[in-house]
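Student: Below you'll find the structure I mean.
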Amino acid sequence: MTLRFSLAALLCAAFACAQENKPVEKLAPYYPTPETVVERMLKLGGLKPGEKMFDLGSGDGRIVIMAADKFKADATGVEFDADLYKESTARIRALGLEKRARIIHGDIAKQDFSQAALLTVYLLPSSNDKIRPMLEKQLKKGTRVVAHDFLFQGWTPVKEEHVEDDGEGRSHTLYLYIR
Ligand SMILES: C[S@@+](CC[C@H](N)C(=O)[O-])C[C@H]1O[C@@H](n2cnc3c(N)ncnc32)[C@H](O)[C@@H]1O
């Protein structure tokens, strides 16, 4: 009995360890959201001062920085690329926003978003499919999710916005979900 229990505990520990050491899956290449669209995303998400927001794959930190600076939110980015992590953290420091903004150097798939009021997501359609079950488990009722260009299959947006021209001739679609 004890031996069987120990073996099970050992297998569980080995599985947990394997999960922990899984290599980071690149969920999208770096492709920044234009600043005008960043503001539209945060407005669409109804971001209020003091609210916790997360940008999933935060790139150069522009969404986190605008959320903290202009919207006075408590903003966190998650970015696995070391250079983008360093660049965005340095920008936050240079702007004196450390109390309201920070970047986690890590994998989106290993974070806890259960305290979020708002998530912003600009990944690929297949990546939205991959992270959706995790978000469905973690997000508290009422959490808003703003997705840029790629929707979440199986979720119904409560609002959709089209940006015809971002100033660089590109159009964008934004989807607001309320979980
Ligand atoms: C399309 S860019 C969006 C950047 C930023 N959110 C914006 O809208 O300007 C996607 C970002 O996700 C990051 N990324 C991709 N897979 C990731 C993962 N598994 N964990 C953390 N960051 C990831 C990329 O390095 C890239 O910076």
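Following the order of the structure tokens, chains are lettered A, B, ..., residues in each are numbered from 1, and ligands are numbered from 1.
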Using only C-alpha atoms, which protein or nucleic acid residues come within 7 Å of Val158 of chain A? Drop anything in the same chain fewer than 2 positions from it, and give the result as JSON, numbers by chain.
Tutor: {"A": [156, 176, 177, 178]}
Student: Would you name the residues within 9 Å of ligand 1, counting only C-alpha atoms and all ligand atoms, and put them as a compact mmCIF listing (two decimals) with N, CA and C atoms, in the first residue's frame?
Tutor:
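Output below, filename selection-v4.txt:
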```txt
# COMPACT_ATOMS: atom_id res chain seq x y z
N VAL A 24 9.01 26.78 -23.94
CA VAL A 24 7.98 27.79 -24.22
C VAL A 24 7.54 27.66 -25.67
N GLU A 25 6.23 27.61 -25.86
CA GLU A 25 5.72 27.57 -27.24
C GLU A 25 5.50 28.99 -27.73
N LYS A 26 6.08 29.30 -28.87
CA LYS A 26 5.92 30.65 -29.43
C LYS A 26 4.51 30.76 -30.02
N LEU A 27 3.68 31.58 -29.39
CA LEU A 27 2.27 31.65 -29.77
C LEU A 27 2.01 32.69 -30.86
N ALA A 28 3.00 33.54 -31.13
CA ALA A 28 2.88 34.52 -32.22
C ALA A 28 4.22 35.21 -32.39
N PRO A 29 4.50 35.68 -33.61
CA PRO A 29 5.72 36.47 -33.79
C PRO A 29 5.48 37.88 -33.23
N TYR A 30 6.54 38.64 -33.09
CA TYR A 30 6.38 40.02 -32.60
C TYR A 30 5.85 40.90 -33.73
N TYR A 31 4.69 41.46 -33.51
CA TYR A 31 4.06 42.34 -34.49
C TYR A 31 3.24 43.35 -33.69
N PRO A 32 3.78 44.54 -33.47
CA PRO A 32 3.14 45.45 -32.51
C PRO A 32 1.82 46.04 -32.99
N THR A 33 0.95 46.28 -32.04
CA THR A 33 -0.31 46.98 -32.31
C THR A 33 -0.02 48.47 -32.43
N PRO A 34 -0.50 49.14 -33.50
CA PRO A 34 -0.27 50.59 -33.59
C PRO A 34 -0.87 51.32 -32.37
N GLU A 35 -0.21 52.40 -31.96
CA GLU A 35 -0.62 53.11 -30.73
C GLU A 35 -2.10 53.53 -30.77
N VAL A 37 -4.52 52.05 -32.16
CA VAL A 37 -5.35 50.86 -31.94
C VAL A 37 -5.24 50.41 -30.48
N VAL A 38 -4.06 50.60 -29.87
CA VAL A 38 -3.90 50.27 -28.45
C VAL A 38 -4.94 51.03 -27.64
N ASP A 55 -1.53 42.01 -20.52
CA ASP A 55 -1.36 41.86 -21.97
C ASP A 55 -0.60 40.56 -22.21
N LEU A 56 -1.22 39.65 -22.96
CA LEU A 56 -0.65 38.30 -23.16
C LEU A 56 0.30 38.31 -24.36
N GLY A 57 1.58 38.37 -24.09
CA GLY A 57 2.59 38.54 -25.14
C GLY A 57 2.72 40.03 -25.36
N SER A 58 3.51 40.69 -24.47
CA SER A 58 3.41 42.16 -24.38
C SER A 58 4.38 42.91 -25.27
N GLY A 59 5.22 42.20 -26.04
CA GLY A 59 6.08 42.86 -27.02
C GLY A 59 6.93 43.96 -26.40
N ASP A 60 6.86 45.17 -26.98
CA ASP A 60 7.67 46.29 -26.43
C ASP A 60 6.97 46.98 -25.26
N GLY A 61 5.86 46.44 -24.82
CA GLY A 61 5.19 46.94 -23.61
C GLY A 61 4.23 48.08 -23.84
N ARG A 62 3.94 48.39 -25.10
CA ARG A 62 3.13 49.59 -25.38
C ARG A 62 1.71 49.53 -24.79
N ILE A 63 1.10 48.34 -24.76
CA ILE A 63 -0.27 48.26 -24.22
C ILE A 63 -0.23 48.44 -22.70
N VAL A 64 0.73 47.76 -22.07
CA VAL A 64 0.90 47.86 -20.61
C VAL A 64 1.21 49.31 -20.21
N GLY A 77 2.42 42.84 -18.19
CA GLY A 77 2.63 42.17 -19.47
C GLY A 77 3.34 40.86 -19.23
N VAL A 78 3.12 39.90 -20.13
CA VAL A 78 3.87 38.64 -20.08
C VAL A 78 4.58 38.51 -21.42
N GLU A 79 5.89 38.37 -21.37
CA GLU A 79 6.67 38.29 -22.61
C GLU A 79 7.82 37.31 -22.43
N PHE A 80 7.96 36.35 -23.37
CA PHE A 80 9.02 35.35 -23.21
C PHE A 80 10.31 35.74 -23.91
N ASP A 81 10.23 36.69 -24.85
CA ASP A 81 11.44 37.10 -25.57
C ASP A 81 12.29 37.99 -24.66
N ALA A 82 13.56 37.58 -24.45
CA ALA A 82 14.41 38.27 -23.47
C ALA A 82 14.66 39.73 -23.86
N LEU A 84 12.78 41.76 -25.76
CA LEU A 84 11.55 42.57 -25.61
C LEU A 84 11.24 42.78 -24.13
N TYR A 85 11.49 41.75 -23.32
CA TYR A 85 11.29 41.89 -21.87
C TYR A 85 12.18 43.01 -21.32
N ILE A 104 6.34 40.43 -16.81
CA ILE A 104 6.82 39.12 -16.36
C ILE A 104 7.59 38.50 -17.51
N HIS A 105 8.82 38.08 -17.24
CA HIS A 105 9.59 37.39 -18.29
C HIS A 105 9.22 35.91 -18.22
N GLY A 106 8.22 35.51 -18.98
CA GLY A 106 7.76 34.13 -18.85
C GLY A 106 6.80 33.74 -19.95
N ASP A 107 6.22 32.56 -19.74
CA ASP A 107 5.36 31.91 -20.72
C ASP A 107 3.89 32.20 -20.38
N ILE A 108 3.14 32.67 -21.36
CA ILE A 108 1.71 32.93 -21.16
C ILE A 108 1.02 31.70 -20.55
N ALA A 109 1.41 30.51 -21.05
CA ALA A 109 0.74 29.26 -20.65
C ALA A 109 0.95 28.92 -19.19
N LYS A 110 1.91 29.59 -18.53
CA LYS A 110 2.20 29.24 -17.13
C LYS A 110 1.77 30.32 -16.15
N THR A 120 -5.79 41.76 -22.67
CA THR A 120 -5.68 42.10 -24.08
C THR A 120 -4.85 41.00 -24.75
N VAL A 121 -5.26 40.62 -25.96
CA VAL A 121 -4.64 39.48 -26.64
C VAL A 121 -4.45 39.81 -28.11
N TYR A 122 -3.19 39.71 -28.56
CA TYR A 122 -2.91 39.83 -30.00
C TYR A 122 -1.97 38.69 -30.36
N LEU A 123 -2.57 37.52 -30.55
CA LEU A 123 -1.80 36.32 -30.90
C LEU A 123 -2.36 35.79 -32.23
N LEU A 124 -2.15 34.54 -32.52
CA LEU A 124 -2.67 33.96 -33.77
C LEU A 124 -3.96 33.20 -33.49
N SER A 127 -3.38 30.06 -31.67
CA SER A 127 -2.93 30.29 -30.29
C SER A 127 -4.12 30.62 -29.40
N HIS A 148 -7.43 41.31 -30.52
CA HIS A 148 -7.09 42.11 -31.70
C HIS A 148 -6.99 41.19 -32.92
```
Student: Identify, on the basis of only C-alpha atoms, every residue whose closest approach to Pro49 of chain A does not exceed 8 Å; exclude the query and any residue fewer than 3 positions from it along the same chain; express the result as a PDB file with C-alpha atoms, in the first residue's frame.
Tutor:
```
ATOM      1  CA  PHE A  71      -5.750  54.774 -17.936  1.00  0.00           C
ATOM      2  CA  LYS A  72      -4.036  54.579 -14.472  1.00  0.00           C
ATOM      3  CA  ALA A  73      -4.582  50.820 -14.351  1.00  0.00           C
ATOM      4  CA  ASP A  74      -2.468  48.176 -12.607  1.00  0.00           C
TER       5      ASP A  74
END
```
Student: Which residues are near Leu174 of chain A? Cut-off 10 Å, only C-alpha atoms, ignore same chain within fewer than 5 positions. Put them as a PyMOL selection string.
Tutor: chain A and resi 37+40-41+44-45+121-122+146-151+157+159-163
Student: Using N, CA and C atoms, can you export the residues from the last selection as a compact mmCIF listing (two decimals), in the first residue's frame?
Tutor:
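Generated output (part06.txt):
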```txt
# COMPACT_ATOMS: atom_id res chain seq x y z
N VAL A 37 -4.52 52.05 -32.16
CA VAL A 37 -5.35 50.86 -31.94
C VAL A 37 -5.24 50.41 -30.48
N ARG A 40 -7.77 52.31 -28.63
CA ARG A 40 -9.12 51.80 -28.94
C ARG A 40 -9.39 50.50 -28.16
N MET A 41 -8.36 49.64 -28.06
CA MET A 41 -8.53 48.37 -27.34
C MET A 41 -8.85 48.61 -25.87
N LEU A 44 -12.30 50.12 -25.51
CA LEU A 44 -13.31 49.08 -25.75
C LEU A 44 -13.42 48.16 -24.53
N GLY A 45 -12.28 47.90 -23.88
CA GLY A 45 -12.26 47.04 -22.70
C GLY A 45 -12.76 47.74 -21.45
N VAL A 121 -5.26 40.62 -25.96
CA VAL A 121 -4.64 39.48 -26.64
C VAL A 121 -4.45 39.81 -28.11
N TYR A 122 -3.19 39.71 -28.56
CA TYR A 122 -2.91 39.83 -30.00
C TYR A 122 -1.97 38.69 -30.36
N VAL A 146 -10.20 41.62 -24.59
CA VAL A 146 -10.21 42.30 -25.89
C VAL A 146 -9.20 41.60 -26.79
N ALA A 147 -9.70 41.04 -27.89
CA ALA A 147 -8.84 40.34 -28.84
C ALA A 147 -8.66 41.19 -30.09
N HIS A 148 -7.43 41.31 -30.52
CA HIS A 148 -7.09 42.11 -31.70
C HIS A 148 -6.99 41.19 -32.92
N ASP A 149 -7.81 41.49 -33.90
CA ASP A 149 -7.84 40.82 -35.21
C ASP A 149 -8.29 39.36 -35.23
N PHE A 150 -7.98 38.57 -34.20
CA PHE A 150 -8.34 37.16 -34.25
C PHE A 150 -9.29 36.81 -33.12
N LEU A 151 -10.44 36.28 -33.48
CA LEU A 151 -11.44 36.01 -32.45
C LEU A 151 -11.16 34.69 -31.71
N PRO A 157 -18.61 37.47 -29.03
CA PRO A 157 -18.24 38.84 -28.62
C PRO A 157 -19.48 39.67 -28.29
N LYS A 159 -19.21 42.92 -28.32
CA LYS A 159 -19.03 44.09 -29.17
C LYS A 159 -17.87 43.85 -30.13
N GLU A 160 -18.00 44.42 -31.32
CA GLU A 160 -16.93 44.32 -32.32
C GLU A 160 -16.68 45.71 -32.86
N GLU A 161 -15.43 46.07 -33.04
CA GLU A 161 -15.13 47.40 -33.61
C GLU A 161 -14.16 47.25 -34.77
N HIS A 162 -14.39 48.04 -35.80
CA HIS A 162 -13.47 48.03 -36.95
C HIS A 162 -12.72 49.34 -37.00
N VAL A 163 -11.44 49.26 -37.16
CA VAL A 163 -10.63 50.47 -37.36
C VAL A 163 -10.24 50.43 -38.84
```
Student: Quote the spacing between atom CA of Leu118 of chain A and atom CA of Leu42 of chain A in Å to one decimal place.
Tutor: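 So the two atoms, atom CA of Leu118 of chain A and atom CA of Leu42 of chain A, lie 8.8 Å apart.
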Student: Where in chain A does DSSP assign alpha helix (DSSP H), given as a VMD selection string?
Tutor: chain A and resid 2 to 20 35 to 44 62 to 69 82 to 94 125 to 138
Student: Mind listing the strand (DSSP E) residues of segment 5-165 of chain A, per DSSP on the backbone, as number ranges by chain?
Tutor: A: 52-56, 74-79, 101-105, 118-121, 144-148, 159-163
Student: What's around Gln138 of chain A at 7 Å? Count only C-alpha atoms, leave out sequence neighbours fewer than 3 positions away in its own chain, and write the answer as a count of residues only.
Tutor: 4
Student: Go ahead and compute the interatomic distance for atom CA of Tyr175 of chain A and atom CA of Val145 of chain A, in Å to one decimal.
Tutor: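 Separating atom CA of Tyr175 of chain A from atom CA of Val145 of chain A is a distance of 8.0 Å.
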Student: Just give me the gap between atom CA of Arg132 of chain A and atom CA of Phe54 of chain A in Å, one decimal is fine.
Tutor: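 Straight-line distance from atom CA of Arg132 of chain A to atom CA of Phe54 of chain A works out to 15.1 Å.
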